[in-house]
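**Student:** Quick one: the structure is below, and I'll ask about it shortly.
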Amino acid sequence: MKQIQNYIDGSFVPGSREFADVNPADGNVIAQVAEADASQVDQAVQAGRHALDGEWGRLAIRDRAARLHKVADVIEKRFDCFVQAEVADTGKPVSLASKLDVPRAAANFRVFADLIRISGLESFQTQTPDGVNALNYAIRKPLGVVGVITPWNLPLLLLTWKVAPALACGNAVVVKPSEETPATATLLAEAMHEAGIPSGVYNVVHGFGHDSAGEFLTQHPGVNAITFTGESRTGAAIMKAAAATVKPVSFELGGKNAAIVFADCNFEETVNGLSEAIFLNTGQVCLCAERVYVEQKIFDRLLDALKKKAETLNLGWPGDAATDFGPLISAQHREKVLSYFQLAKEEGATLITGGGTPKFGDARDHGFYVQPTIYTGLSESARCVKEEIFGPVCHVAAFDSEEEAVAMANDTKYGLAASVWTSDLKRGHRVARQMNTGITWVNCWFLRDLRTPFGGVGLSGIGREGGIHSLNFYSELNNICIRL
Ligand code: NAD
Ligand code: 6OD
């Protein structure tokens, strides 16, 4: 049986206990994972602190950036290895891991390596009212040891989205990947070593949240900041833990994202785009659209086209090139999604397609698949319209006016993403500006420029990462004032 170990101060180390890593496609155990205890989390934090005092802390920015490019080189060299590990852990289609997750991991390192080299900081020539001259300029310093806690849906993509800028700013990190998907964070440790990242700069501790590695990390007084992606409820628990030592936090949390479809949209492009927005990664992307609002004139036609799209998705083995829809992450998550299918029934929804589990007649019946599912007919106050399900499911409702669509889309405690589908660009701008979200896409979805601000409002998060916003979170700006 494969063993997945913790990585502390440049060495792979077993834990005090082990837990199973399960393949979601057939429920088989694929590895035993070493769970880090509190003393190992402490060792990882101390290793990070030590690394900051060593070679890593003295490297010129240029050299730090060069090492990050080397990490990207190693990810690209070991591309298939990363893809296979991600597919086995998550059950996502190999086509998706090859197109999205692993290329983005390399890109995250390249983008922040380049950005740290070119990003300048503000300076001011100052003259006081009584004629004293001074020069003010800011410098960027690392925060210290950053705790990085990530979810299972895009494990490597989201981990590197945080690790790359944290390292670009000169920090050391202790990462706690999701217990469901420990493999690629551990593979990344090998890549770090091969790329010449000094021991102690990148540490991995495996385990769970409460009373396990996650909580040990957030409560550790030697951790200078926490960056977290995951559920809003978990964010609240982490915020509480981090408050005791006043750690800065950056949170990318849940969503209940809306898509607004106007009758003048390019119909075919919209149906293709919406199908991705609803079903990509089996609906397990925080940006997925779980609420679709469609202008009354094209409601029936669009619903019918979406139904056809859902019914032609290929629910296959994740490793097959033709598969475009895999299982959910775990038995527990499938229970949650199926409980919402049941709730939708109880709330009076009309089922358009799906609503259950597929039958394959092979080992996939022991996996965690559910059907791509579409509902209509619920009231806007229904729990299925209000709560994040995080599965391949949406509710489609009609609207008559732009104002009504905007009001319905904004009627949520979340505020991560929205998409607007229209051929009228003026309307696209107008509606996008009214969305209470961190990002609004017009005629596209999940089209990412890594320099742009990314984050959510309300229950969807605190702060922005991306480009300079990441650099600003992962560093302390010091101002120096020199009297001339
Ligand atoms: P989760 O919150 O259950 O777990 C995320 C991570 O937090 C895991 O590593 C987990 O072990 C850890 N954790 C749990 N409790 C903890 C605690 N008390 N202290 C410290 N760590 C703790 O989330 P998940 O189920 O892995 O992921 C799905 C959720 O993540 C969805 O809500 C989704 O919307 C959200 N998400 C948001 C974004 C975004 O960018 N906004 C991206 C991806 C996923
Ligand atoms: O693309 C990104 O940078 C990002 N943070 C995506 C988040 C996806 C959520 O599941």
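Residue numbering restarts at 1 in every chain; chains get A, B, ... in the order shown in the structure tokens, and ligands count up from 1 in that same order.
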Which chains and residue numbers are within 10 Å of ligand 2, counting only C-alpha atoms and all ligand atoms, if I want them as an MDAnalysis selection string?
**Tutor:** chainID A and resid 100:101 104:105 108 151:155 157:162 229:230 252:255 281 283:288 390 416 446:455 464:466
**Student:** Step one, run DSSP on the backbone; step two, keep only residues of region 17-254 of chain A assigned to strand (DSSP E or B); then write them as a PyMOL selection string.
**Tutor:** chain A and resi 17-22+29-35+123-127+133-142+145-149+172-176+202-204+225-229+249-252
**Student:** Can you list every residue in region 333-398 of chain A that DSSP puts in helix (DSSP H, G or I), as a list in words?
**Tutor:**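 Matching residues, listed in order: His333, Arg334, Glu335, Lys336, Val337, Leu338, Ser339, Tyr340, Phe341, Gln342, Leu343, Ala344, Lys345, Glu346, Ala363, Arg364, Asp365, His366, Arg383, Cys384, Val385 and Lys386 of chain A.
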**Student:** Find the residues around region 264-278 of chain A up to 10 Å (only C-alpha atoms counted), leave out those fewer than 2 positions away in its own chain, and share them as a ChimeraX atom specification.
**Tutor:** /A:257-262,280-285,287-292,295,297-298,301-303,305-310,313,372-374,390-395,419-424,443-446
**Student:** Quick one: of A:Gly428, A:Pro248, A:Gly207, A:Pro358, who's nearest to ligand 1, counting only C-alpha atoms and all ligand atoms?
**Tutor:**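 The shortest atom-to-atom distance to ligand 1 comes from A:Gly207.
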